[in-house]
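J.: Just one file: work-v6.csv, with CSV, C-alpha atoms (C1' of nucleotides).
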```
chain,number,residue,atom,x,y,z
K,109,MET,CA,-10.6,-98.3,-1.2
K,110,LEU,CA,-7.0,-97.4,-0.7
K,111,SER,CA,-5.6,-94.4,-2.6
K,112,GLN,CA,-3.2,-94.7,-5.4
K,113,LYS,CA,-0.6,-93.1,-3.2
K,114,THR,CA,-0.8,-96.0,-0.7
K,115,ARG,CA,-0.8,-98.6,-3.4
K,116,TYR,CA,2.3,-97.0,-5.0
K,117,ALA,CA,4.0,-96.9,-1.6
K,118,MET,CA,3.4,-100.6,-1.1
K,119,VAL,CA,4.7,-101.5,-4.5
K,120,ALA,CA,7.8,-99.4,-4.1
K,121,LEU,CA,8.5,-100.8,-0.7
K,122,THR,CA,8.1,-104.4,-1.6
K,123,ARG,CA,10.5,-103.8,-4.5
K,124,LEU,CA,13.0,-102.0,-2.3
K,125,ALA,CA,12.7,-104.9,0.2
K,126,ARG,CA,13.7,-107.3,-2.5
K,127,GLU,CA,16.8,-105.2,-3.2
K,128,TYR,CA,17.5,-104.9,0.6
K,129,GLY,CA,21.3,-105.0,1.3
K,130,GLN,CA,22.2,-104.3,-2.4
K,131,GLY,CA,22.7,-100.6,-2.2
K,132,ALA,CA,20.7,-97.7,-3.6
K,133,MET,CA,18.2,-97.9,-6.4
K,134,LEU,CA,17.4,-95.0,-8.7
K,135,ILE,CA,14.0,-93.4,-8.5
K,136,SER,CA,13.9,-93.6,-12.3
K,137,GLU,CA,14.7,-97.3,-12.3
K,138,LEU,CA,12.2,-98.0,-9.6
K,139,ALA,CA,9.5,-96.0,-11.4
K,140,LYS,CA,10.1,-97.6,-14.7
K,141,SER,CA,10.4,-101.2,-13.6
K,142,GLU,CA,7.4,-101.0,-11.3
K,143,ARG,CA,5.4,-98.8,-13.7
K,144,LEU,CA,4.9,-96.0,-11.2
K,145,PRO,CA,4.6,-92.3,-12.2
K,146,GLN,CA,8.0,-91.0,-11.4
K,147,ARG,CA,7.2,-87.5,-10.2
K,148,PHE,CA,4.5,-88.8,-7.9
K,149,LEU,CA,6.7,-91.5,-6.7
K,150,GLU,CA,9.3,-89.0,-5.6
K,151,ASN,CA,6.9,-87.4,-3.2
K,152,ILE,CA,6.0,-90.8,-1.8
K,153,LEU,CA,9.7,-91.9,-1.3
K,154,LEU,CA,10.4,-88.6,0.4
K,155,GLU,CA,7.6,-89.2,2.8
K,156,LEU,CA,8.9,-92.7,3.5
K,157,LYS,CA,12.3,-91.3,4.1
K,158,LYS,CA,10.9,-88.8,6.6
K,159,MET,CA,9.2,-91.7,8.4
K,160,GLY,CA,12.6,-93.3,8.8
K,161,ILE,CA,11.8,-96.3,6.6
K,162,LEU,CA,14.0,-95.3,3.6
K,163,GLY,CA,17.4,-93.7,3.2
K,164,SER,CA,18.8,-91.9,0.2
K,165,LYS,CA,22.0,-91.0,-1.5
K,166,LEU,CA,22.5,-88.0,-3.7
K,167,GLY,CA,24.7,-87.7,-6.8
K,168,LYS,CA,26.0,-90.3,-9.2
K,169,SER,CA,25.2,-93.9,-8.1
K,170,GLY,CA,22.7,-92.4,-5.6
K,171,GLY,CA,19.1,-93.5,-5.1
K,172,TYR,CA,16.8,-94.9,-2.4
K,173,PHE,CA,17.2,-97.9,-0.2
K,174,LEU,CA,15.4,-99.6,2.7
K,175,LEU,CA,16.9,-98.5,6.0
K,176,ARG,CA,15.3,-101.1,8.3
K,177,HIS,CA,15.2,-104.8,7.9
K,178,PRO,CA,12.1,-105.9,5.9
K,179,LYS,CA,10.8,-107.7,8.9
K,180,ASP,CA,10.7,-104.4,10.8
K,181,VAL,CA,8.4,-102.6,8.4
K,182,ASN,CA,4.7,-103.5,8.3
K,183,LEU,CA,1.6,-102.4,6.4
K,184,ALA,CA,-0.2,-101.0,9.4
K,185,GLU,CA,2.4,-98.2,9.6
K,186,ILE,CA,2.2,-97.5,5.9
K,187,VAL,CA,-1.6,-97.5,5.7
K,188,ARG,CA,-1.8,-95.2,8.7
K,189,GLN,CA,0.7,-92.8,7.1
K,190,PHE,CA,-0.9,-92.6,3.7
K,191,GLU,CA,-4.6,-93.3,4.4
K,192,GLY,CA,-5.0,-92.0,7.9
K,193,PRO,CA,-6.7,-94.0,10.7
K,194,ILE,CA,-7.2,-97.7,10.2
K,195,ALA,CA,-10.6,-97.6,11.9
K,196,LEU,CA,-13.7,-96.9,9.8
K,197,LEU,CA,-15.2,-94.8,12.6
K,198,SER,CA,-13.2,-92.4,14.8
K,199,CYS,CA,-15.0,-93.7,17.9
K,200,VAL,CA,-13.1,-97.0,17.4
K,201,SER,CA,-9.7,-95.5,16.4
K,202,GLU,CA,-6.7,-96.1,18.6
K,203,LYS,CA,-4.5,-93.2,17.3
K,204,ALA,CA,-7.3,-90.8,16.2
K,205,TYR,CA,-10.0,-91.5,18.7
K,206,GLN,CA,-12.9,-89.0,18.9
K,207,SER,CA,-16.0,-89.5,20.9
K,208,CYS,CA,-19.2,-90.2,18.9
K,209,GLU,CA,-21.6,-87.3,18.4
K,210,PHE,CA,-24.6,-89.7,18.4
K,211,CYS,CA,-24.0,-92.1,21.3
K,212,LYS,CA,-25.0,-91.3,24.9
K,213,ASP,CA,-23.1,-94.4,25.9
K,214,GLU,CA,-20.5,-95.7,23.6
K,215,THR,CA,-19.9,-98.9,25.4
K,216,ALA,CA,-23.5,-99.9,24.8
K,217,CYS,CA,-23.4,-99.0,21.0
K,218,ASN,CA,-23.7,-102.1,18.8
K,219,ILE,CA,-22.6,-100.2,15.7
K,220,ARG,CA,-19.4,-99.3,17.5
K,221,LYS,CA,-18.9,-103.0,18.6
K,222,VAL,CA,-19.1,-104.1,14.9
K,223,PHE,CA,-16.6,-101.5,13.7
K,224,LYS,CA,-14.3,-102.1,16.7
K,225,GLU,CA,-14.0,-105.8,15.8
K,226,ILE,CA,-13.4,-104.9,12.1
K,227,ARG,CA,-10.7,-102.4,13.1
K,228,ASP,CA,-9.0,-104.9,15.4
K,229,LEU,CA,-9.0,-107.7,12.9
K,230,THR,CA,-7.8,-105.3,10.1
K,231,PHE,CA,-5.0,-103.9,12.3
K,232,GLU,CA,-3.8,-107.4,13.2
K,233,LYS,CA,-3.6,-108.4,9.6
K,234,LEU,CA,-1.8,-105.3,8.5
K,235,GLU,CA,0.6,-105.4,11.4
K,236,ASN,CA,1.5,-109.0,10.6
K,237,ALA,CA,2.1,-108.0,7.0
K,238,THR,CA,5.8,-107.1,7.2
K,239,LEU,CA,7.7,-106.5,4.0
K,240,GLU,CA,9.5,-109.7,4.7
K,241,GLU,CA,6.2,-111.6,4.6
K,242,LEU,CA,5.1,-109.7,1.5
K,243,ILE,CA,8.2,-110.7,-0.5
K,244,ARG,CA,8.2,-114.3,0.6
K,245,GLU,CA,7.3,-116.8,-2.1
K,246,HIS,CA,4.8,-119.4,-1.3
K,247,ALA,CA,4.1,-117.6,1.9
K,248,HIS,CA,1.7,-120.3,3.2
K,249,GLY,CA,2.8,-123.3,1.4
K,250,VAL,CA,1.6,-124.7,-2.0
K,251,LEU,CA,-1.0,-126.9,-0.4
K,252,GLY,CA,-3.8,-125.8,1.9
K,253,GLY,CA,-3.7,-122.1,0.9
S,206,MET,CA,-13.0,-93.8,7.4
S,207,LEU,CA,-16.7,-93.9,6.6
S,208,SER,CA,-18.3,-90.8,5.1
S,209,GLN,CA,-20.9,-88.8,7.0
S,210,LYS,CA,-23.5,-90.0,4.6
S,211,THR,CA,-22.9,-93.7,5.6
S,212,ARG,CA,-22.9,-92.8,9.3
S,213,TYR,CA,-26.1,-90.8,9.0
S,214,ALA,CA,-27.7,-93.7,7.1
S,215,MET,CA,-26.7,-96.2,9.9
S,216,VAL,CA,-28.1,-93.9,12.6
S,217,ALA,CA,-31.4,-93.3,10.7
S,218,LEU,CA,-31.8,-97.0,9.9
S,219,THR,CA,-31.3,-98.2,13.5
S,220,ARG,CA,-33.8,-95.6,14.6
S,221,LEU,CA,-36.4,-96.7,12.1
S,222,ALA,CA,-35.7,-100.3,13.1
S,223,ARG,CA,-36.6,-99.4,16.7
S,224,GLU,CA,-39.9,-97.9,15.3
S,225,TYR,CA,-40.5,-101.0,13.1
S,226,GLY,CA,-44.2,-101.9,12.9
S,227,GLN,CA,-45.3,-98.6,14.4
S,228,GLY,CA,-46.1,-96.7,11.2
S,229,ALA,CA,-44.3,-93.8,9.5
S,230,MET,CA,-41.9,-91.4,11.0
S,231,LEU,CA,-41.5,-87.8,9.8
S,232,ILE,CA,-38.2,-86.8,8.3
S,233,SER,CA,-38.2,-83.8,10.5
S,234,GLU,CA,-38.8,-85.8,13.7
S,235,LEU,CA,-36.1,-88.3,12.7
S,236,ALA,CA,-33.6,-85.5,11.9
S,237,LYS,CA,-34.3,-83.6,15.1
S,238,SER,CA,-34.3,-86.5,17.5
S,239,GLU,CA,-31.2,-88.1,16.0
S,240,ARG,CA,-29.4,-84.8,15.4
S,241,LEU,CA,-29.1,-85.4,11.6
S,242,PRO,CA,-29.0,-82.5,9.1
S,243,GLN,CA,-32.6,-82.7,7.7
S,244,ARG,CA,-31.9,-81.7,4.0
S,245,PHE,CA,-29.0,-84.1,3.7
S,246,LEU,CA,-31.0,-86.8,5.5
S,247,GLU,CA,-33.8,-86.5,2.9
S,248,ASN,CA,-31.3,-87.5,0.1
S,249,ILE,CA,-30.2,-90.5,2.2
S,250,LEU,CA,-33.7,-91.7,3.0
S,251,LEU,CA,-34.7,-91.4,-0.7
S,252,GLU,CA,-31.7,-93.5,-1.6
S,253,LEU,CA,-32.6,-96.1,1.0
S,254,LYS,CA,-36.1,-96.1,-0.4
S,255,LYS,CA,-34.8,-96.8,-3.9
S,256,MET,CA,-32.9,-99.7,-2.5
S,257,GLY,CA,-36.1,-101.2,-1.3
S,258,ILE,CA,-35.2,-100.8,2.4
S,259,LEU,CA,-37.5,-98.0,3.3
S,260,GLY,CA,-41.1,-97.1,2.3
S,261,SER,CA,-42.7,-93.7,2.5
S,262,LYS,CA,-46.1,-92.1,2.8
S,263,LEU,CA,-46.9,-88.6,1.4
S,264,GLY,CA,-49.2,-86.0,3.0
S,265,LYS,CA,-50.4,-85.6,6.5
S,266,SER,CA,-49.3,-88.4,8.9
S,267,GLY,CA,-46.8,-89.4,6.2
S,268,GLY,CA,-43.1,-90.2,6.7
S,269,TYR,CA,-40.7,-93.0,6.3
S,270,PHE,CA,-40.7,-96.5,7.7
S,271,LEU,CA,-38.7,-99.7,7.4
S,272,LEU,CA,-40.1,-102.0,4.7
S,273,ARG,CA,-38.2,-105.2,5.6
S,274,HIS,CA,-37.9,-106.9,8.9
S,275,PRO,CA,-34.8,-105.5,10.8
S,276,LYS,CA,-33.2,-109.0,10.6
S,277,ASP,CA,-33.3,-108.7,6.8
S,278,VAL,CA,-31.2,-105.5,6.5
S,279,ASN,CA,-27.5,-105.6,7.2
S,280,LEU,CA,-24.6,-103.2,7.2
S,281,ALA,CA,-22.8,-104.9,4.2
S,282,GLU,CA,-25.6,-103.7,1.9
S,283,ILE,CA,-25.6,-100.2,3.4
S,284,VAL,CA,-21.8,-99.7,3.3
S,285,ARG,CA,-21.7,-101.0,-0.3
S,286,GLN,CA,-24.3,-98.5,-1.3
S,287,PHE,CA,-22.9,-95.5,0.4
S,288,GLU,CA,-19.1,-96.2,0.4
S,289,GLY,CA,-18.7,-98.4,-2.6
S,290,PRO,CA,-16.7,-101.6,-2.5
S,291,ILE,CA,-16.0,-103.2,0.9
S,292,ALA,CA,-12.6,-104.3,-0.3
S,293,LEU,CA,-9.6,-102.0,0.1
S,294,LEU,CA,-8.1,-103.0,-3.3
S,295,SER,CA,-10.2,-103.7,-6.4
S,296,CYS,CA,-8.3,-106.9,-7.0
S,297,VAL,CA,-9.9,-108.4,-4.0
S,298,SER,CA,-13.4,-107.0,-4.5
S,299,GLU,CA,-16.3,-109.4,-5.2
S,300,LYS,CA,-18.7,-106.9,-6.7
S,301,ALA,CA,-16.2,-104.5,-8.3
S,302,TYR,CA,-13.3,-106.7,-9.2
S,303,GLN,CA,-10.6,-105.3,-11.4
S,304,SER,CA,-7.4,-107.0,-12.2
S,305,CYS,CA,-4.3,-105.5,-10.7
S,306,GLU,CA,-2.1,-103.3,-12.9
S,307,PHE,CA,1.0,-104.4,-11.1
S,308,CYS,CA,0.8,-108.1,-10.7
S,309,LYS,CA,1.8,-110.6,-13.3
S,310,ASP,CA,0.2,-113.4,-11.2
S,311,GLU,CA,-2.4,-112.2,-8.8
S,312,THR,CA,-2.7,-115.6,-7.1
S,313,ALA,CA,1.0,-115.3,-6.1
S,314,CYS,CA,0.7,-111.7,-4.7
S,315,ASN,CA,1.1,-111.6,-1.0
S,316,ILE,CA,-0.2,-108.0,-0.7
S,317,ARG,CA,-3.4,-109.3,-2.4
S,318,LYS,CA,-3.6,-112.2,0.1
S,319,VAL,CA,-3.5,-109.8,3.1
S,320,PHE,CA,-6.2,-107.5,1.7
S,321,LYS,CA,-8.4,-110.5,0.6
S,322,GLU,CA,-8.4,-111.7,4.2
S,323,ILE,CA,-9.2,-108.3,5.5
S,324,ARG,CA,-12.1,-108.0,3.0
S,325,ASP,CA,-13.5,-111.3,3.8
S,326,LEU,CA,-13.4,-110.7,7.6
S,327,THR,CA,-14.9,-107.2,7.2
S,328,PHE,CA,-17.7,-108.5,4.9
S,329,GLU,CA,-18.5,-111.3,7.3
S,330,LYS,CA,-18.8,-108.8,10.2
S,331,LEU,CA,-20.9,-106.3,8.2
S,332,GLU,CA,-23.2,-109.0,6.9
S,333,ASN,CA,-23.9,-110.4,10.4
S,334,ALA,CA,-24.6,-106.9,11.6
S,335,THR,CA,-28.3,-106.8,10.9
S,336,LEU,CA,-30.5,-104.0,12.1
S,337,GLU,CA,-32.0,-106.5,14.5
S,338,GLU,CA,-28.6,-107.2,16.0
S,339,LEU,CA,-27.7,-103.5,16.1
S,340,ILE,CA,-30.8,-102.5,18.1
S,341,ARG,CA,-30.5,-105.4,20.5
S,342,GLU,CA,-29.6,-104.4,24.0
S,343,HIS,CA,-26.8,-106.3,25.8
S,344,ALA,CA,-26.2,-108.0,22.5
S,345,HIS,CA,-23.5,-110.4,23.9
S,346,GLY,CA,-24.5,-110.5,27.5
S,347,VAL,CA,-23.2,-108.3,30.4
S,348,LEU,CA,-20.4,-110.6,31.3
S,349,GLY,CA,-17.7,-111.9,29.0
S,350,GLY,CA,-18.1,-109.1,26.3
W,208,DA,C1',-58.9,-75.8,-2.2
W,209,DC,C1',-55.5,-76.1,1.4
W,210,DT,C1',-51.8,-77.9,3.9
W,211,DA,C1',-48.4,-81.2,5.2
W,212,DT,C1',-45.6,-84.1,3.7
W,213,DG,C1',-42.1,-86.4,0.5
W,214,DT,C1',-39.6,-85.9,-4.5
W,215,DT,C1',-36.8,-84.2,-8.0
W,216,DC,C1',-32.9,-82.2,-9.8
W,217,DA,C1',-29.8,-78.8,-10.1
W,218,DC,C1',-26.5,-76.3,-7.8
W,219,DC,C1',-22.6,-75.0,-4.6
W,220,DA,C1',-18.3,-74.6,-1.5
W,221,DT,C1',-14.7,-77.2,0.4
W,222,DT,C1',-11.5,-80.9,0.7
W,223,DT,C1',-9.0,-84.6,-1.2
W,224,DT,C1',-6.6,-86.9,-4.8
W,225,DA,C1',-3.2,-87.4,-8.1
W,226,DG,C1',-0.5,-85.5,-9.9
W,227,DT,C1',3.1,-81.5,-12.4
W,228,DG,C1',6.5,-77.2,-12.7
W,229,DT,C1',10.3,-75.0,-11.4
W,230,DA,C1',14.2,-74.2,-9.1
W,231,DC,C1',17.6,-75.8,-5.8
W,232,DA,C1',21.1,-78.7,-3.1
W,233,DT,C1',24.4,-82.4,-2.7
W,234,DT,C1',27.5,-85.9,-4.2
W,235,DT,C1',30.6,-88.0,-7.5
W,236,DG,C1',33.7,-88.2,-11.3
W,237,DT,C1',37.2,-85.7,-14.1
R,202,DA,C1',37.1,-76.3,-9.8
R,203,DC,C1',33.5,-77.9,-12.6
R,204,DA,C1',29.9,-80.6,-14.8
R,205,DA,C1',26.7,-84.1,-14.5
R,206,DA,C1',23.7,-87.0,-12.0
R,207,DT,C1',21.0,-87.4,-8.6
R,208,DG,C1',17.5,-86.3,-4.8
R,209,DT,C1',14.9,-82.0,-2.3
R,210,DA,C1',11.6,-78.4,-1.7
R,211,DC,C1',7.5,-76.2,-2.3
R,212,DA,C1',4.1,-74.3,-4.8
R,213,DC,C1',0.7,-75.1,-8.1
R,214,DT,C1',-3.2,-77.3,-10.7
R,215,DA,C1',-7.2,-80.2,-12.6
R,216,DA,C1',-10.5,-83.4,-11.5
R,217,DA,C1',-13.3,-85.8,-8.4
R,218,DA,C1',-15.6,-86.6,-4.0
R,219,DT,C1',-17.8,-84.9,0.1
R,220,DG,C1',-21.3,-82.6,2.4
R,221,DG,C1',-24.3,-80.2,1.8
R,222,DT,C1',-28.4,-76.3,0.0
R,223,DG,C1',-32.3,-74.1,-3.2
R,224,DA,C1',-36.4,-74.0,-5.5
R,225,DA,C1',-40.0,-76.0,-7.5
R,226,DC,C1',-43.0,-80.0,-7.8
R,227,DA,C1',-46.2,-84.1,-6.7
R,228,DT,C1',-49.3,-86.5,-3.7
R,229,DA,C1',-52.3,-87.6,0.1
R,230,DG,C1',-55.5,-86.3,3.6
R,231,DT,C1',-59.1,-82.9,5.5
```
When written as structure tokens, how does the structure in this file appear?

T.:
Amino acid sequence: MLSQKTRYAMVALTRLAREYGQGAMLISELAKSERLPQRFLENILLELKKMGILGSKLGKSGGYFLLRHPKDVNLAEIVRQFEGPIALLSCVSEKAYQSCEFCKDETACNIRKVFKEIRDLTFEKLENATLEELIREHAHGVLGG
Amino acid sequence: MLSQKTRYAMVALTRLAREYGQGAMLISELAKSERLPQRFLENILLELKKMGILGSKLGKSGGYFLLRHPKDVNLAEIVRQFEGPIALLSCVSEKAYQSCEFCKDETACNIRKVFKEIRDLTFEKLENATLEELIREHAHGVLGG
DNA sequence: ACTATGTTCACCATTTTAGTGTACATTTGT
DNA sequence: ACAAATGTACACTAAAATGGTGAACATAGT
């Protein structure tokens, strides 16, 4: 299961995506309106700023805002940052690969095959999940789900 | 990422699946030959026994053995037991569903849609990964992956 | 009875999670 | 220049999860 931190990050980002182009939003307002713990949220927003996803302004009428276009931020990047590798086994991770301590021959390992398929499918779904997609209403039409 | 416990369970099970029908295997032999920490493995085997997957025999020539046919044990069951829910968000979990604290309308939530798809694909892959599949050599043929 | 095995249950150290406390730096309005 | 409103930095903490270990016990076979 995803950590609270990751969930809060996704909630905050989708909200800031909805406000995209409308200037900065106060942490306090974001926290209150999305029901996020403010002090914890501060850490998260800072981390997103360091990733180059958010910008901030100090002083009166300051706050946070999305730097990139919502179509240029996807969940794969967010999940990697806050959860670590997308893969369930390091032997199938792209960014954090480590050879398996049990396999003599990884290419022949069927456990690995299963988790490689899961990783690839998961990554694809997360990568296609841009903030633009996430804030779109009726994303796949009312009929046909 | 999966915990060590889950990984050890998968290694132990695939080994016991290879020995299926050949009587009991000593914990010590299993631990040594698969390079698993014996004392930790004991806990894991006991848990698998309580799940009804393994049987055991005490005394001389005792040990553990697979109770069910390898085709009747799959990774979904194992992962659920040792990792908890397969879903990454509880709002898309089948066995551990909890309503989302952020959504007014879950059916309209696009974040949820993404993680529901990921859960369903992951579950399907894990469910199809029976021990029989996992110990099969050249599971999908040498050509064509 | 003896020995080889699994069983039970409590315990432990380390890491991760989900935050909080306190002080500081920057910008804006007056 | 100054005050107020904001974000920034970094250390700290409580609770839970992870990855085990210790010690005594129960049972089966010889």

J.: Let's have chain S fitted on chain K; use all the C-alpha atoms paired in order for the least-squares step and return it as a short mmCIF file (atom, residue, chain, number, x, y, z; two decimals) with C-alpha atoms, keeping the file's coordinate frame.

T.:
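File out.cif, as written:
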```cif
data_model
loop_
_atom_site.label_atom_id
_atom_site.label_comp_id
_atom_site.auth_asym_id
_atom_site.auth_seq_id
_atom_site.Cartn_x
_atom_site.Cartn_y
_atom_site.Cartn_z
CA MET S 206 -10.64 -98.31 -1.16
CA LEU S 207 -6.98 -97.41 -0.79
CA SER S 208 -5.68 -94.35 -2.62
CA GLN S 209 -3.16 -94.66 -5.44
CA LYS S 210 -0.57 -93.11 -3.23
CA THR S 211 -0.85 -96.01 -0.66
CA ARG S 212 -0.77 -98.61 -3.44
CA TYR S 213 2.25 -97.03 -5.08
CA ALA S 214 3.99 -96.90 -1.68
CA MET S 215 3.29 -100.68 -1.09
CA VAL S 216 4.62 -101.57 -4.55
CA ALA S 217 7.79 -99.41 -4.14
CA LEU S 218 8.44 -100.73 -0.63
CA THR S 219 8.17 -104.43 -1.58
CA ARG S 220 10.51 -103.74 -4.46
CA LEU S 221 13.08 -102.06 -2.28
CA ALA S 222 12.70 -104.91 0.21
CA ARG S 223 13.67 -107.36 -2.56
CA GLU S 224 16.79 -105.12 -3.18
CA TYR S 225 17.53 -104.93 0.59
CA GLY S 226 21.28 -104.98 1.30
CA GLN S 227 22.19 -104.35 -2.32
CA GLY S 228 22.71 -100.58 -2.19
CA ALA S 229 20.63 -97.72 -3.60
CA MET S 230 18.12 -97.84 -6.33
CA LEU S 231 17.40 -94.91 -8.66
CA ILE S 232 13.98 -93.36 -8.54
CA SER S 233 13.84 -93.56 -12.25
CA GLU S 234 14.72 -97.28 -12.36
CA LEU S 235 12.17 -98.01 -9.61
CA ALA S 236 9.44 -96.00 -11.41
CA LYS S 237 10.12 -97.58 -14.78
CA SER S 238 10.44 -101.17 -13.67
CA GLU S 239 7.41 -101.02 -11.39
CA ARG S 240 5.34 -98.85 -13.74
CA LEU S 241 4.94 -96.03 -11.14
CA PRO S 242 4.52 -92.37 -12.19
CA GLN S 243 8.06 -91.04 -11.40
CA ARG S 244 7.14 -87.46 -10.18
CA PHE S 245 4.42 -88.73 -7.89
CA LEU S 246 6.69 -91.56 -6.70
CA GLU S 247 9.36 -89.01 -5.64
CA ASN S 248 6.83 -87.41 -3.17
CA ILE S 249 6.04 -90.88 -1.77
CA LEU S 250 9.65 -91.94 -1.35
CA LEU S 251 10.48 -88.61 0.39
CA GLU S 252 7.61 -89.23 2.76
CA LEU S 253 8.81 -92.75 3.47
CA LYS S 254 12.24 -91.32 4.09
CA LYS S 255 10.86 -88.87 6.65
CA MET S 256 9.24 -91.76 8.38
CA GLY S 257 12.59 -93.34 8.84
CA ILE S 258 11.81 -96.28 6.51
CA LEU S 259 13.93 -95.34 3.59
CA GLY S 260 17.41 -93.74 3.24
CA SER S 261 18.75 -91.94 0.22
CA LYS S 262 22.03 -91.06 -1.42
CA LEU S 263 22.51 -87.92 -3.61
CA GLY S 264 24.67 -87.67 -6.75
CA LYS S 265 25.97 -90.29 -9.05
CA SER S 266 25.18 -93.90 -7.99
CA GLY S 267 22.66 -92.38 -5.57
CA GLY S 268 19.05 -93.51 -5.02
CA TYR S 269 16.86 -94.88 -2.37
CA PHE S 270 17.18 -97.95 -0.21
CA LEU S 271 15.41 -99.60 2.71
CA LEU S 272 16.87 -98.49 6.05
CA ARG S 273 15.26 -101.13 8.31
CA HIS S 274 15.22 -104.83 7.93
CA PRO S 275 12.10 -105.89 5.85
CA LYS S 276 10.76 -107.75 8.95
CA ASP S 277 10.69 -104.40 10.78
CA VAL S 278 8.34 -102.57 8.36
CA ASN S 279 4.69 -103.48 8.21
CA LEU S 280 1.62 -102.39 6.32
CA ALA S 281 -0.16 -100.95 9.46
CA GLU S 282 2.44 -98.16 9.61
CA ILE S 283 2.24 -97.51 5.86
CA VAL S 284 -1.59 -97.44 5.66
CA ARG S 285 -1.73 -95.15 8.72
CA GLN S 286 0.63 -92.76 7.07
CA PHE S 287 -0.93 -92.64 3.69
CA GLU S 288 -4.66 -93.31 4.44
CA GLY S 289 -5.01 -92.03 7.93
CA PRO S 290 -6.76 -94.01 10.63
CA ILE S 291 -7.20 -97.77 10.13
CA ALA S 292 -10.55 -97.63 11.85
CA LEU S 293 -13.70 -96.93 9.84
CA LEU S 294 -15.25 -94.75 12.60
CA SER S 295 -13.23 -92.38 14.80
CA CYS S 296 -14.91 -93.77 17.88
CA VAL S 297 -13.08 -96.97 17.42
CA SER S 298 -9.72 -95.53 16.38
CA GLU S 299 -6.68 -96.04 18.65
CA LYS S 300 -4.53 -93.24 17.28
CA ALA S 301 -7.27 -90.78 16.26
CA TYR S 302 -10.03 -91.45 18.71
CA GLN S 303 -12.91 -89.05 18.86
CA SER S 304 -16.00 -89.55 20.85
CA CYS S 305 -19.15 -90.22 18.90
CA GLU S 306 -21.59 -87.34 18.36
CA PHE S 307 -24.53 -89.68 18.42
CA CYS S 308 -24.03 -92.01 21.28
CA LYS S 309 -24.94 -91.28 24.84
CA ASP S 310 -23.05 -94.44 25.96
CA GLU S 311 -20.46 -95.60 23.53
CA THR S 312 -19.83 -98.85 25.43
CA ALA S 313 -23.50 -99.79 24.78
CA CYS S 314 -23.42 -98.98 20.99
CA ASN S 315 -23.68 -102.04 18.90
CA ILE S 316 -22.64 -100.24 15.67
CA ARG S 317 -19.42 -99.29 17.56
CA LYS S 318 -18.91 -102.94 18.60
CA VAL S 319 -19.07 -104.14 14.95
CA PHE S 320 -16.61 -101.52 13.69
CA LYS S 321 -14.23 -102.07 16.71
CA GLU S 322 -14.00 -105.73 15.74
CA ILE S 323 -13.40 -104.90 12.15
CA ARG S 324 -10.64 -102.44 13.15
CA ASP S 325 -8.96 -104.80 15.41
CA LEU S 326 -8.95 -107.65 12.83
CA THR S 327 -7.74 -105.30 10.06
CA PHE S 328 -4.94 -103.88 12.30
CA GLU S 329 -3.84 -107.35 13.28
CA LYS S 330 -3.61 -108.38 9.59
CA LEU S 331 -1.79 -105.19 8.52
CA GLU S 332 0.65 -105.41 11.39
CA ASN S 333 1.60 -109.04 10.61
CA ALA S 334 2.08 -108.08 7.00
CA THR S 335 5.73 -107.17 7.15
CA LEU S 336 7.76 -106.48 4.06
CA GLU S 337 9.54 -109.73 4.77
CA GLU S 338 6.26 -111.62 4.67
CA LEU S 339 5.09 -109.76 1.56
CA ILE S 340 8.18 -110.65 -0.50
CA ARG S 341 8.20 -114.26 0.62
CA GLU S 342 7.37 -116.70 -2.10
CA HIS S 343 4.79 -119.45 -1.38
CA ALA S 344 4.19 -117.67 1.87
CA HIS S 345 1.74 -120.35 3.22
CA GLY S 346 2.89 -123.33 1.29
CA VAL S 347 1.54 -124.65 -2.09
CA LEU S 348 -1.04 -126.87 -0.54
CA GLY S 349 -3.72 -125.86 1.91
CA GLY S 350 -3.65 -122.05 1.04
#
```

J.: Only residues of chain K matter here; which ones have an atom within 9 Å of chain R, counting all atoms listed in the file? Give them as an mmCIF file with C-alpha atoms, in the coordinates of the input.

T.:
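The resulting file, out-v4.cif, is shown below:
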```cif
data_model
loop_
_atom_site.group_PDB
_atom_site.id
_atom_site.type_symbol
_atom_site.label_atom_id
_atom_site.label_comp_id
_atom_site.auth_asym_id
_atom_site.auth_seq_id
_atom_site.Cartn_x
_atom_site.Cartn_y
_atom_site.Cartn_z
ATOM 1 C CA LEU K 134 17.400 -95.000 -8.700
ATOM 2 C CA ILE K 135 14.000 -93.400 -8.500
ATOM 3 C CA GLU K 150 9.300 -89.000 -5.600
ATOM 4 C CA LEU K 154 10.400 -88.600 0.400
ATOM 5 C CA SER K 164 18.800 -91.900 0.200
ATOM 6 C CA LYS K 165 22.000 -91.000 -1.500
ATOM 7 C CA LEU K 166 22.500 -88.000 -3.700
ATOM 8 C CA GLY K 167 24.700 -87.700 -6.800
ATOM 9 C CA LYS K 168 26.000 -90.300 -9.200
ATOM 10 C CA SER K 169 25.200 -93.900 -8.100
ATOM 11 C CA GLY K 170 22.700 -92.400 -5.600
ATOM 12 C CA GLY K 171 19.100 -93.500 -5.100
ATOM 13 C CA TYR K 172 16.800 -94.900 -2.400
#
```

J.: Env of Met206 in chain S: 12 Å cut, atoms = all atoms listed in the file, seq-sep filter 4 positions within chain, self excluded. Answer as a count of residues only.

T.: 25

J.: Tell me, counting only C-alpha atoms (C1' of nucleotides), for each residue of chain W within 9 Å of chain K, which pair of atoms is nearest and how far apart they are in Å to one decimal, in rows ordered by chain and increasing number, as a Markdown table.

T.:
```
| residue | atom | partner | partner_atom | distance |
| --- | --- | --- | --- | --- |
| W:DT224 | C1' | K:Ser111 | CA | 7.9 |
| W:DA225 | C1' | K:Gln112 | CA | 7.8 |
| W:DG226 | C1' | K:Phe148 | CA | 6.3 |
| W:DT227 | C1' | K:Arg147 | CA | 7.6 |
| W:DT233 | C1' | K:Leu166 | CA | 6.0 |
| W:DT234 | C1' | K:Gly167 | CA | 4.2 |
| W:DT235 | C1' | K:Lys168 | CA | 5.4 |
| W:DG236 | C1' | K:Lys168 | CA | 8.3 |
```
